file target_12.txt (compact mmCIF, C-alpha atoms)
# COMPACT_ATOMS: atom_id res chain seq x y z
CA MET A 1 68.00 73.93 173.28
CA LEU A 2 68.86 71.56 176.07
CA ARG A 3 70.75 69.41 173.71
CA SER A 4 72.53 72.45 172.43
CA THR A 5 73.57 73.73 175.79
CA PHE A 6 74.88 70.35 176.80
CA CYS A 7 76.78 69.97 173.57
CA LYS A 8 78.19 73.45 173.98
CA ALA A 9 79.35 72.58 177.42
CA MET A 10 80.96 69.40 176.20
CA ALA A 11 82.65 71.23 173.36
CA GLY A 12 83.97 73.76 175.78
CA ILE A 13 85.30 71.12 178.11
CA ILE A 14 86.92 69.24 175.28
CA MET A 15 88.57 72.27 173.82
CA ALA A 16 89.75 73.61 177.14
CA ALA A 17 91.23 70.23 177.88
CA MET A 18 92.92 70.31 174.51
CA ILE A 19 94.50 73.65 175.17
CA LEU A 20 95.48 72.77 178.68
CA GLY A 21 96.84 69.44 177.62
CA ILE A 22 94.90 67.58 180.24
CA GLY A 23 92.74 64.53 180.09
CA LEU A 24 89.00 64.93 179.81
CA PRO A 25 87.01 64.26 182.92
CA SER A 26 85.36 60.90 182.66
CA VAL A 27 81.63 61.34 182.81
CA GLU A 28 81.21 57.66 183.33
CA ALA A 29 83.57 57.65 186.29
CA ALA A 30 81.59 60.14 188.33
CA LYS A 31 78.45 59.51 190.29
CA GLY A 32 74.87 60.39 189.57
CA THR A 33 72.98 60.37 186.32
CA ARG A 34 72.65 62.87 183.55
CA VAL A 35 69.42 62.87 181.63
CA SER A 36 68.66 64.84 178.55
CA ALA A 37 65.14 64.38 177.34
CA PRO A 38 64.27 65.37 173.80
CA ALA A 39 62.76 68.78 173.97
CA ALA A 40 61.76 71.77 171.95
CA ASN A 41 64.15 74.38 170.69
CA ARG A 42 65.46 77.07 172.95
CA PRO A 43 62.95 79.59 174.26
CA ALA A 44 62.36 82.55 172.04
CA GLN A 45 61.69 84.99 174.84
CA GLN A 46 63.88 86.27 177.57
CA PRO A 47 62.82 85.39 181.10
CA ALA A 48 62.19 88.15 183.59
CA GLY A 49 65.45 89.83 184.37
CA GLY A 50 67.04 88.64 181.17
CA ASN A 51 69.29 90.98 179.31
CA ALA A 52 69.95 90.26 175.66
CA ASN A 53 72.71 92.84 175.63
CA ILE A 54 75.03 92.15 178.52
CA ASP A 55 75.98 95.14 180.61
CA ARG A 56 79.73 95.61 180.47
CA GLY A 57 79.79 98.14 183.26
CA ASN A 58 82.46 100.79 183.34
CA ILE A 59 84.32 99.98 180.14
CA ASP A 60 85.04 102.33 177.28
CA ASN A 61 85.77 100.65 173.97
CA SER A 62 86.63 103.83 172.12
CA ASN A 63 90.29 103.02 171.67
CA VAL A 64 89.92 99.47 170.43
CA ARG A 65 92.42 98.62 167.77
CA ILE A 66 91.39 97.08 164.50
CA GLY A 67 94.24 95.94 162.39
CA ASN A 68 97.48 97.44 163.53
CA ASP A 69 96.81 100.96 164.61
CA THR A 70 93.33 102.24 163.96
CA ASN A 71 91.23 103.80 166.66
CA ILE A 72 87.52 103.34 166.23
CA ASN A 73 84.46 103.29 168.39
CA ILE A 74 82.99 99.83 168.31
CA ASP A 75 79.32 99.36 168.98
CA VAL A 76 79.87 96.24 171.04
CA ASP A 77 76.25 95.39 171.52
CA GLY A 78 75.32 96.38 168.00
CA ARG A 79 77.27 93.48 166.56
CA TYR A 80 75.03 91.00 168.25
CA GLY A 81 71.52 89.94 167.63
CA TYR A 82 71.61 87.30 164.95
CA PRO A 83 69.01 84.63 165.52
CA VAL A 84 69.71 81.48 167.46
CA ARG A 85 69.61 78.28 165.48
CA VAL A 86 69.68 74.54 165.92
CA PRO A 87 69.77 71.85 163.26
CA PRO A 88 66.49 70.22 162.21
CA ALA A 89 65.30 67.64 164.70
CA GLY A 90 65.78 64.84 162.21
CA TYR A 91 69.46 65.57 162.05
CA TYR A 92 69.87 64.45 165.61
CA ASP A 93 68.20 61.10 165.14
CA TYR A 94 67.74 61.13 168.87
CA ASP A 95 65.09 58.51 169.29
CA HIS A 96 67.47 55.68 170.00
CA HIS A 97 70.66 57.27 171.09
CA HIS A 98 71.29 57.63 174.75
CA TYR A 99 73.45 56.29 177.46
CA GLY A 100 72.77 54.00 180.33
CA TYR A 101 68.99 53.66 180.10
CA SER A 102 66.65 52.15 177.59
CA ASP A 103 63.82 54.24 176.19
CA GLU A 104 61.40 52.38 178.41
CA GLN A 105 63.47 53.14 181.48
CA VAL A 106 63.59 56.80 180.59
CA VAL A 107 59.85 56.98 180.18
CA GLY A 108 59.38 55.04 183.38
CA ALA A 109 61.71 57.34 185.25
CA PHE A 110 59.76 60.40 184.24
CA ILE A 111 56.55 58.78 185.31
CA ALA A 112 57.68 57.18 188.54
CA GLY A 113 60.23 59.77 189.53
CA LEU A 114 63.86 60.36 188.65
CA VAL A 115 66.77 59.34 190.78
CA ILE A 116 67.75 62.06 193.22
CA GLY A 117 70.89 63.71 191.90
CA ALA A 118 70.07 63.05 188.27
CA ILE A 119 70.83 65.91 185.89
CA LEU A 120 68.67 67.13 183.05
CA THR A 121 70.47 69.17 180.47
CA GLU A 122 67.26 70.76 179.30
CA GLU A 123 64.60 72.55 181.26
CA PRO A 124 61.82 70.11 182.18
CA ALA A 125 58.45 70.84 180.65
CA ASN A 126 55.18 71.74 182.35
CA THR A 127 56.62 72.82 185.66
CA THR A 128 55.60 75.32 188.26
CA THR A 129 58.00 77.35 190.35
CA VAL A 130 58.34 76.59 194.04
CA VAL A 131 60.40 78.85 196.29
CA VAL A 132 61.71 77.40 199.54
CA LYS A 133 64.06 79.42 201.76
CA GLU A 134 64.82 81.81 198.89
CA THR A 135 65.83 78.96 196.61
CA GLU A 136 63.79 78.41 193.48
CA TYR A 137 62.78 74.94 192.36
CA LEU A 138 60.76 73.62 189.45
CA TYR A 139 58.07 71.02 190.09
CA ASP A 140 56.39 68.93 187.41
CA GLY A 141 53.98 67.04 189.66
CA THR A 142 56.45 64.21 190.22
CA ASN A 143 59.96 65.59 190.53
CA TYR A 144 61.55 68.70 191.98
CA TYR A 145 64.35 70.27 189.98
CA GLN A 146 66.96 72.77 191.10
CA PRO A 147 68.60 74.89 188.37
CA VAL A 148 72.38 74.78 188.81
CA TYR A 149 75.43 75.66 186.77
CA ASP A 150 77.44 72.85 185.20
CA GLY A 151 80.39 74.94 184.10
CA THR A 152 78.76 77.85 182.31
CA THR A 153 75.69 75.85 181.29
CA VAL A 154 72.48 75.84 183.31
CA VAL A 155 71.25 72.30 184.01
CA TYR A 156 68.50 70.92 186.24
CA LYS A 157 69.29 68.67 189.18
CA VAL A 158 66.65 66.35 190.58
CA VAL A 159 66.36 66.97 194.31
CA GLU A 160 64.35 65.77 197.27
CA ASN A 161 61.08 67.47 197.99
CA PRO A 162 62.32 70.73 199.52
CA THR A 163 59.02 71.72 201.10
CA MET B 1 93.49 81.44 147.56
CA LYS B 2 93.73 78.03 145.95
CA GLN B 3 97.46 78.00 146.49
CA LYS B 4 96.91 78.82 150.13
CA ILE B 5 94.50 75.97 150.54
CA VAL B 6 96.98 73.54 149.02
CA VAL B 7 99.72 74.74 151.34
CA ALA B 8 97.39 74.36 154.29
CA LEU B 9 96.60 70.81 153.28
CA ILE B 10 100.29 70.07 153.10
CA ALA B 11 100.66 71.46 156.58
CA LEU B 12 97.95 69.18 157.86
CA ALA B 13 99.63 66.25 156.20
CA VAL B 14 102.87 67.09 157.94
CA VAL B 15 101.41 67.40 161.38
CA ALA B 16 99.10 64.46 161.06
CA PHE B 17 101.15 61.85 159.28
CA PRO B 18 104.70 60.52 159.10
CA THR B 19 107.27 62.16 156.88
CA HIS B 20 106.46 60.08 153.80
CA SER B 21 103.07 61.80 153.66
CA LEU B 22 104.86 65.09 153.17
CA PHE B 23 106.66 63.76 150.13
CA ALA B 24 103.41 62.45 148.70
CA ALA B 25 101.82 65.85 149.10
CA GLN B 26 104.76 67.52 147.39
CA GLU B 27 104.59 65.22 144.40
CA MET B 28 100.93 65.91 143.92
CA SER B 29 100.97 69.65 144.29
CA ASN B 30 104.36 70.93 143.17
CA GLU B 31 103.69 73.75 145.56
CA PRO B 32 106.36 75.19 147.84
CA ALA B 33 106.86 72.84 150.72
CA ILE B 34 106.81 73.84 154.31
CA SER B 35 110.08 75.44 155.21
CA GLN B 36 111.51 72.38 156.91
CA VAL B 37 110.97 68.67 157.31
CA GLU B 38 112.33 68.15 160.79
CA THR B 39 109.97 66.66 163.31
CA ARG B 40 109.94 69.85 165.31
CA SER B 41 110.68 73.36 164.15
CA ALA B 42 112.57 75.53 166.61
CA GLY B 43 111.61 78.56 164.55
CA ALA B 44 107.93 77.77 164.76
CA GLU B 45 108.04 77.08 168.47
CA ASN B 46 110.07 80.22 169.10
CA LEU B 47 107.26 82.17 167.48
CA VAL B 48 104.86 80.63 169.99
CA ILE B 49 107.21 81.54 172.82
CA SER B 50 107.49 85.10 171.51
CA MET B 51 103.72 85.34 171.33
CA THR B 52 103.18 84.15 174.87
CA THR B 53 106.02 86.25 176.23
CA TYR B 54 104.42 89.29 174.65
CA MET B 55 100.98 88.44 175.96
CA LYS B 56 102.37 87.96 179.45
CA SER B 57 104.12 91.33 179.24
CA LEU B 58 100.82 93.16 178.80
CA PRO B 59 99.56 94.44 182.15
CA GLN B 60 96.13 94.64 180.59
CA PHE B 61 94.54 93.97 177.24
CA TYR B 62 91.28 93.66 175.37
CA VAL B 63 90.52 91.24 172.54
CA CYS B 64 87.35 90.47 170.68
CA GLY B 65 86.37 88.36 167.73
CA GLU B 66 84.51 85.26 166.66
CA ILE B 67 84.51 81.64 167.77
CA ASN B 68 83.44 78.65 165.68
CA TYR B 69 83.26 75.11 166.95
CA ASP B 70 81.96 71.74 165.88
CA VAL B 71 79.55 69.57 167.79
CA VAL B 72 79.52 65.94 166.69
CA TYR B 73 76.19 64.17 166.41
CA LYS B 74 75.30 60.63 165.49
CA GLU B 75 77.10 59.03 162.55
CA ASN B 76 79.83 61.65 162.93
CA ASN B 77 77.59 64.37 161.55
CA LYS B 78 78.96 67.72 162.56
CA ILE B 79 77.28 71.04 163.13
CA GLN B 80 79.35 74.16 163.42
CA TYR B 81 78.18 76.74 165.93
CA SER B 82 79.41 80.30 166.18
CA GLY B 83 79.54 83.20 168.53
CA VAL B 84 81.24 86.50 169.16
CA PHE B 85 83.17 87.41 172.25
CA ASP B 86 85.04 90.17 173.99
CA TYR B 87 87.55 89.73 176.76
CA TYR B 88 89.02 92.38 179.04
CA VAL B 89 91.99 91.48 181.23
CA LYS B 90 93.86 93.42 183.88
CA ARG B 91 96.63 91.60 185.66
CA PRO B 92 97.13 90.23 188.18
CA GLY B 93 93.55 89.47 189.05
CA GLN B 94 90.67 90.90 187.02
CA PHE B 95 88.88 89.99 183.83
CA GLN B 96 85.51 90.25 182.13
CA PHE B 97 84.48 87.86 179.36
CA ASN B 98 81.32 88.19 177.30
CA ALA B 99 80.15 85.72 174.68
CA LYS B 100 77.00 85.58 172.64
CA GLY B 101 76.22 83.16 169.87
CA ASP B 102 74.14 80.30 168.62
CA ILE B 103 73.90 78.64 171.99
CA GLN B 104 74.96 80.81 174.90
CA ASN B 105 74.75 84.40 176.05
CA THR B 106 77.16 84.42 178.90
CA GLN B 107 79.23 86.79 180.99
CA VAL B 108 82.09 85.70 183.25
CA ILE B 109 83.58 88.26 185.63
CA PHE B 110 86.57 87.85 187.93
CA ASP B 111 87.17 90.61 190.48
CA GLY B 112 90.20 89.16 192.27
CA LYS B 113 88.13 87.38 194.90
CA SER B 114 85.39 85.54 193.08
CA VAL B 115 84.07 84.58 189.67
CA THR B 116 80.53 85.41 188.65
CA VAL B 117 78.91 83.54 185.76
CA TYR B 118 75.81 85.20 184.35
CA ASP B 119 73.49 83.57 181.82
CA ALA B 120 71.60 86.36 180.11
CA ASN B 121 69.21 83.99 178.34
CA LYS B 122 68.00 82.46 181.59
CA ALA B 123 68.58 85.49 183.84
CA VAL B 124 70.54 83.51 186.40
CA TYR B 125 73.98 83.97 187.91
CA GLY B 126 76.32 82.02 190.14
CA ILE B 127 79.33 83.02 192.23
CA ILE B 128 82.34 80.97 193.30
CA GLU B 129 85.07 82.08 195.66
CA THR B 130 88.48 81.91 194.00
CA PRO B 131 92.18 82.62 194.53
CA SER B 132 93.42 86.13 193.80
CA THR B 133 95.34 85.30 190.64
CA ILE B 134 94.03 84.62 187.16
CA ASP B 135 96.02 81.39 186.86
CA GLY B 136 94.80 80.03 190.18
CA THR B 137 91.26 81.06 189.44
CA LEU B 138 91.15 79.43 186.02
CA ASP B 139 92.66 76.25 187.44
CA LEU B 140 90.03 76.09 190.19
CA ALA B 141 87.18 77.03 187.85
CA LEU B 142 88.09 74.19 185.51
CA SER B 143 88.96 71.47 187.99
CA GLU B 144 86.21 72.05 190.55
CA TYR B 145 83.40 73.61 188.55
CA GLY B 146 83.98 72.60 184.94
CA ILE B 147 84.20 76.20 183.75
CA SER B 148 86.17 75.81 180.56
CA LEU B 149 86.20 78.67 178.10
CA PRO B 150 89.33 78.40 175.98
CA VAL B 151 89.55 82.12 175.27
CA LEU B 152 90.08 82.77 178.98
CA ASP B 153 93.41 80.98 178.68
CA LEU B 154 94.83 83.93 176.75
CA ALA B 155 95.40 85.53 180.15
CA ARG B 156 97.19 82.55 181.67
CA SER B 157 100.87 83.05 182.41
CA SER B 158 101.31 79.41 181.38
CA PHE B 159 99.48 79.90 178.09
CA GLY B 160 102.47 79.12 175.90
CA ASP B 161 103.73 76.29 178.08
CA ASN B 162 100.38 74.56 177.73
CA ILE B 163 100.38 74.99 173.97
CA LEU B 164 103.86 73.54 173.58
CA LYS B 165 103.47 70.80 176.18
CA ASP B 166 103.71 67.32 174.65
CA VAL B 167 104.06 68.63 171.11
CA LYS B 168 105.23 65.83 168.80
CA LYS B 169 105.66 67.79 165.60
CA SER B 170 105.78 71.43 164.69
CA ALA B 171 106.15 73.39 161.49
CA TYR B 172 106.33 76.92 160.18
CA VAL B 173 103.82 77.06 157.34
CA GLY B 174 104.48 80.58 156.10
CA LEU B 175 102.99 84.04 156.07
CA SER B 176 99.24 84.36 155.91
CA ASP B 177 96.74 87.21 156.13
CA VAL B 178 94.11 87.08 158.84
CA GLY B 179 91.64 89.89 158.34
CA GLY B 180 94.25 91.77 156.36
CA ILE B 181 96.91 91.37 159.04
CA ALA B 182 100.14 89.60 158.08
CA CYS B 183 100.66 86.62 160.36
CA HIS B 184 103.08 83.78 160.86
CA HIS B 185 101.22 80.51 160.39
CA VAL B 186 102.47 77.84 162.78
CA ALA B 187 101.29 74.23 163.04
CA LEU B 188 101.74 72.05 166.13
CA ALA B 189 100.76 68.42 166.50
CA LYS B 190 100.18 66.55 169.72
CA GLU B 191 99.12 62.97 170.22
CA ASN B 192 95.38 63.62 169.98
CA LEU B 193 95.07 67.09 168.53
CA THR B 194 96.61 69.66 166.27
CA ILE B 195 96.94 73.37 167.03
CA GLN B 196 97.40 75.94 164.31
CA LEU B 197 98.28 79.49 165.25
CA TRP B 198 98.34 82.64 163.17
CA ILE B 199 100.64 85.00 165.07
CA GLU B 200 100.71 88.64 164.06
CA LYS B 201 103.93 89.59 162.34
CA GLY B 202 105.80 92.55 163.77
CA GLU B 203 106.05 94.22 167.13
CA ASN B 204 102.76 92.93 168.52
CA PRO B 205 102.84 89.14 168.16
CA ILE B 206 99.35 88.40 169.37
CA PRO B 207 97.44 85.28 168.26
CA ARG B 208 95.16 86.51 165.49
CA LYS B 209 93.69 83.08 164.90
CA VAL B 210 93.73 79.73 166.67
CA LEU B 211 92.46 76.46 165.19
CA ILE B 212 92.39 73.31 167.29
CA THR B 213 91.39 69.98 165.79
CA SER B 214 90.77 66.78 167.70
CA LYS B 215 92.33 63.65 166.25
CA SER B 216 90.91 61.31 168.86
CA ASN B 217 87.33 61.74 167.65
CA PRO B 218 86.74 60.14 164.21
CA ALA B 219 84.77 63.21 163.12
CA MET B 220 87.80 65.39 163.94
CA PRO B 221 85.86 68.33 165.38
CA SER B 222 87.53 71.71 165.46
CA TRP B 223 87.42 74.84 167.58
CA SER B 224 88.62 78.10 166.15
CA CYS B 225 88.91 81.67 167.30
CA VAL B 226 89.70 84.77 165.27
CA ILE B 227 90.72 87.92 167.09
CA SER B 228 89.55 90.80 164.95
CA ASP B 229 90.13 93.71 167.30
CA TRP B 230 92.36 94.32 170.26
CA THR B 231 94.11 96.93 172.32
CA PRO B 232 96.76 96.78 175.04
CA ALA B 233 95.12 99.76 176.74
CA PRO B 234 91.41 99.27 177.29
CA LYS B 235 89.75 102.03 179.26
CA LEU B 236 88.61 100.31 182.43
CA TYR B 237 87.04 102.35 185.18
CA ASP B 238 86.24 101.57 188.80
CA GLY B 239 83.67 98.86 189.11
CA TRP B 240 84.24 97.26 185.73
CA THR B 241 84.43 93.84 187.37
CA THR B 242 81.57 94.46 189.77
CA PHE B 243 78.50 92.40 188.98
CA VAL B 244 75.28 93.95 190.22
CA PRO B 245 72.25 91.66 189.87
CA LYS B 246 69.23 93.36 188.41
CA PRO B 247 65.68 92.76 189.55
CA GLY B 248 64.47 89.41 188.30
CA MET B 249 67.89 87.79 188.15
CA LYS B 250 68.21 84.69 190.29
CA LYS B 251 71.27 83.28 191.98
CA ILE B 252 71.96 79.56 191.52
CA GLU B 253 74.60 77.15 192.75
CA PHE B 254 77.32 75.34 190.82
CA LEU B 255 77.71 71.62 190.41
CA LYS B 256 81.07 70.53 191.68
CA SER B 257 83.15 67.91 189.94
CA SER B 258 82.25 65.45 192.66
CA ASP B 259 78.55 65.99 191.90
CA ARG B 260 78.83 65.20 188.22
CA PRO B 261 76.75 62.30 186.94
CA ALA B 262 78.01 58.79 186.37
CA SER B 263 76.07 58.02 183.26
CA VAL B 264 74.61 60.10 180.52
CA ILE B 265 71.31 59.99 178.75
CA ASN B 266 71.76 62.46 176.00
CA TYR B 267 69.82 62.25 172.84
CA GLY B 268 71.55 62.93 169.59
CA LYS B 269 75.08 63.69 170.59
CA GLU B 270 77.64 61.20 169.40
CA ASN B 271 79.40 59.09 171.96
call {"tool": "encode", "arguments": {"input": "target_12.txt", "output": "structure tokens"}}
result
Amino acid sequence: MLRSTFCKAMAGIIMAAMILGIGLPSVEAAKGTRVSAPAANRPAQQPAGGNANIDRGNIDNSNVRIGNDTNINIDVDGRYGYPVRVPPAGYYDYDHHHYGYSDEQVVGAFIAGLVIGAILTEEPANTTTVVVKETEYLYDGTNYYQPVYDGTTVVYKVVENPT
Amino acid sequence: MKQKIVVALIALAVVAFPTHSLFAAQEMSNEPAISQVETRSAGAENLVISMTTYMKSLPQFYVCGEINYDVVYKENNKIQYSGVFDYYVKRPGQFQFNAKGDIQNTQVIFDGKSVTVYDANKAVYGIIETPSTIDGTLDLALSEYGISLPVLDLARSSFGDNILKDVKKSAYVGLSDVGGIACHHVALAKENLTIQLWIEKGENPIPRKVLITSKSNPAMPSWSCVISDWTPAPKLYDGWTTFVPKPGMKKIEFLKSSDRPASVINYGKEN
């Protein structure tokens, strides 16, 4: 799932840049570190407050046009609901493909602590929630993570101990 | 169908390769060639201009459909992901975009003062203060926060300018049905990508289909969007761009461009 969200974000950035005719932002040129550890597929259950069918508020779709001039009542939410999917893990061949760090460095970083400001594109495992001044952090016994948006993708930023 | 595929391949040859490739394609297929062999087709580009002029003339609109896009993994292996979307726009400064698919379940709302991004899978939302216009907001969202959803660009006043900017070659491919709707098929080639547009024939020249292919990546990943339904008069009532967090939803911050990481450790995705 984390891989997927990151890839989605990258695809979005690439395509938006294509349409806009601009150069892609250089990941390598910015500061900090992005880390994506291999992880399980996306969660099957919605978290508290989750809403599988997004509330569109005060919108009436009854006059939506299909084709040239046909008025129908579309069941917007009813079209959704097909299962999420990711390719088999073997397809990724992710054991030896990463940037900047060796496998040993990655493992060492998770054990000894990640660099403050590093970004994980997938939710870290085995964490507990810590709330400090109304901000929620995840804590895995070594690192504190703050969920943040990178574009429209939720990533996890390694932060100082907020307590 | 087969004939259509052959014509499409010819179109790709024209936009991707020098003129001699066109002749090679003609010899092999004996199919009708694209309507011209000039480097750029004024007719094709005028169709793009007509499309964008029409879109800009709509004070409000609604579109919905499907998006497909490739993600490139190691050894140039591609996976295509899909999703459906709907997009409500009211000029000069409101929109609501909803997308749900293989990867994300996201809502983006602009109320003229701020943009709210809501992730329904994770039950989190974030808010950024923005300019009052759609153009200014999309520029800021992309440059400062990396919010880049190509469908949102349908509401840009500069939509057509961006499509035609730096075009090296263009061609009118012919008429083509998209979901039973007769469309003009137009191909545009830039240095590192090609854009194909299927523009509805007739009084409502909206883009029924868009296909963008990267030429800079050896796997040549594509992004496509098909607009299946639309209306120039969506029924939008007070509060349609008001986001009200529900119990359990959590507010989070955005990474700014200056906070983005220097190096990437990302397993599986191709360089």
call {"tool": "residues_around", "arguments": {"input": "target_12.txt", "residues": "Phe95 in chain B", "least_positions_apart": "2", "cutoff": "9 Å", "atoms": "all atoms listed in the file", "output": "compact mmCIF listing (two decimals) with C-alpha atoms, in the frame of the given file"}}
result
# COMPACT_ATOMS: atom_id res chain seq x y z
CA TYR B 87 87.55 89.73 176.76
CA TYR B 88 89.02 92.38 179.04
CA VAL B 89 91.99 91.48 181.23
CA LYS B 90 93.86 93.42 183.88
CA ARG B 91 96.63 91.60 185.66
CA GLY B 93 93.55 89.47 189.05
CA PHE B 97 84.48 87.86 179.36
CA VAL B 108 82.09 85.70 183.25
CA ILE B 109 83.58 88.26 185.63
CA PHE B 110 86.57 87.85 187.93
CA ASP B 111 87.17 90.61 190.48
CA GLY B 112 90.20 89.16 192.27
CA ILE B 134 94.03 84.62 187.16
CA LEU B 152 90.08 82.77 178.98
CA ALA B 155 95.40 85.53 180.15
CA TRP B 240 84.24 97.26 185.73
CA THR B 241 84.43 93.84 187.37
call {"tool": "interface_residues", "arguments": {"input": "target_12.txt", "of": "chain B", "to": "chain A", "cutoff": "7 Å", "atoms": "only C-alpha atoms", "output": "CSV table (one decimal) with C-alpha atoms, in the coordinates of the input"}}
result
chain,number,residue,atom,x,y,z
B,71,VAL,CA,79.6,69.6,167.8
B,73,TYR,CA,76.2,64.2,166.4
B,74,LYS,CA,75.3,60.6,165.5
B,102,ASP,CA,74.1,80.3,168.6
B,103,ILE,CA,73.9,78.6,172.0
B,117,VAL,CA,78.9,83.5,185.8
B,120,ALA,CA,71.6,86.4,180.1
B,121,ASN,CA,69.2,84.0,178.3
B,122,LYS,CA,68.0,82.5,181.6
B,123,ALA,CA,68.6,85.5,183.8
B,145,TYR,CA,83.4,73.6,188.6
B,146,GLY,CA,84.0,72.6,184.9
B,147,ILE,CA,84.2,76.2,183.8
B,148,SER,CA,86.2,75.8,180.6
B,149,LEU,CA,86.2,78.7,178.1
B,150,PRO,CA,89.3,78.4,176.0
B,162,ASN,CA,100.4,74.6,177.7
B,163,ILE,CA,100.4,75.0,174.0
B,165,LYS,CA,103.5,70.8,176.2
B,181,ILE,CA,96.9,91.4,159.0
B,223,TRP,CA,87.4,74.8,167.6
B,228,SER,CA,89.6,90.8,165.0
B,229,ASP,CA,90.1,93.7,167.3
B,230,TRP,CA,92.4,94.3,170.3
B,231,THR,CA,94.1,96.9,172.3
B,234,PRO,CA,91.4,99.3,177.3
B,235,LYS,CA,89.8,102.0,179.3
B,236,LEU,CA,88.6,100.3,182.4
B,237,TYR,CA,87.0,102.4,185.2
B,238,ASP,CA,86.2,101.6,188.8
B,239,GLY,CA,83.7,98.9,189.1
B,240,TRP,CA,84.2,97.3,185.7
B,246,LYS,CA,69.2,93.4,188.4
B,247,PRO,CA,65.7,92.8,189.6
B,248,GLY,CA,64.5,89.4,188.3
B,249,MET,CA,67.9,87.8,188.2
B,252,ILE,CA,72.0,79.6,191.5
B,253,GLU,CA,74.6,77.2,192.8
B,254,PHE,CA,77.3,75.3,190.8
B,255,LEU,CA,77.7,71.6,190.4
B,258,SER,CA,82.2,65.4,192.7
B,259,ASP,CA,78.6,66.0,191.9
B,260,ARG,CA,78.8,65.2,188.2
B,261,PRO,CA,76.8,62.3,186.9
B,262,ALA,CA,78.0,58.8,186.4
B,263,SER,CA,76.1,58.0,183.3
B,264,VAL,CA,74.6,60.1,180.5
B,265,ILE,CA,71.3,60.0,178.8
B,266,ASN,CA,71.8,62.5,176.0
B,267,TYR,CA,69.8,62.2,172.8
B,268,GLY,CA,71.6,62.9,169.6
call {"tool": "residues_around", "arguments": {"input": "target_12.txt", "residues": "Ala187 in chain B", "least_positions_apart": "2", "cutoff": "10 Å", "atoms": "all atoms listed in the file", "output": "list of chain:residue names"}}
result
B:Ala8, B:Ala11, B:Leu12, B:Val14, B:Val15, B:Arg40, B:Ser41, B:Ala44, B:Glu45, B:Lys169, B:Ser170, B:Ala171, B:Tyr172, B:Val173, B:Gly174, B:His184, B:His185, B:Ala189, B:Thr194, B:Ile195, B:Gln196, B:Leu197, B:Trp198, B:Leu211, B:Ile212
call {"tool": "atom_distance", "arguments": {"input": "target_12.txt", "atom1": "CA of Asp140 in chain A", "atom2": "CA of Val115 in chain A"}}
result
14.5 Å
call {"tool": "atom_distance", "arguments": {"input": "target_12.txt", "atom1": "CA of Lys168 in chain B", "atom2": "CA of Leu193 in chain B"}}
result
10.2 Å
call {"tool": "atom_distance", "arguments": {"input": "target_12.txt", "atom1": "CA of Ile128 in chain B", "atom2": "CA of Arg156 in chain B"}}
result
18.9 Å
call {"tool": "residues_around", "arguments": {"input": "target_12.txt", "residues": "Gly141 in chain A", "least_positions_apart": "6", "cutoff": "9 Å", "atoms": "all atoms listed in the file", "output": "PDB file with C-alpha atoms, in the frame of the given file"}}
result
ATOM      1  CA  ASN A 126      55.180  71.740 182.350  1.00  0.00           C
ATOM      2  CA  THR A 127      56.620  72.820 185.660  1.00  0.00           C
ATOM      3  CA  THR A 128      55.600  75.320 188.260  1.00  0.00           C
TER       4      THR A 128
END
call {"tool": "residues_around", "arguments": {"input": "target_12.txt", "residues": "Pro221 in chain B", "least_positions_apart": "3", "cutoff": "7 Å", "atoms": "only C-alpha atoms", "output": "number ranges by chain"}}
result
B: 70-72, 213-214
call {"tool": "closest_residue", "arguments": {"input": "target_12.txt", "among": "B:Asn77, B:Lys251, B:Met51, B:Leu175", "to": "Val124 in chain B", "atoms": "only C-alpha atoms"}}
result
B:Lys251
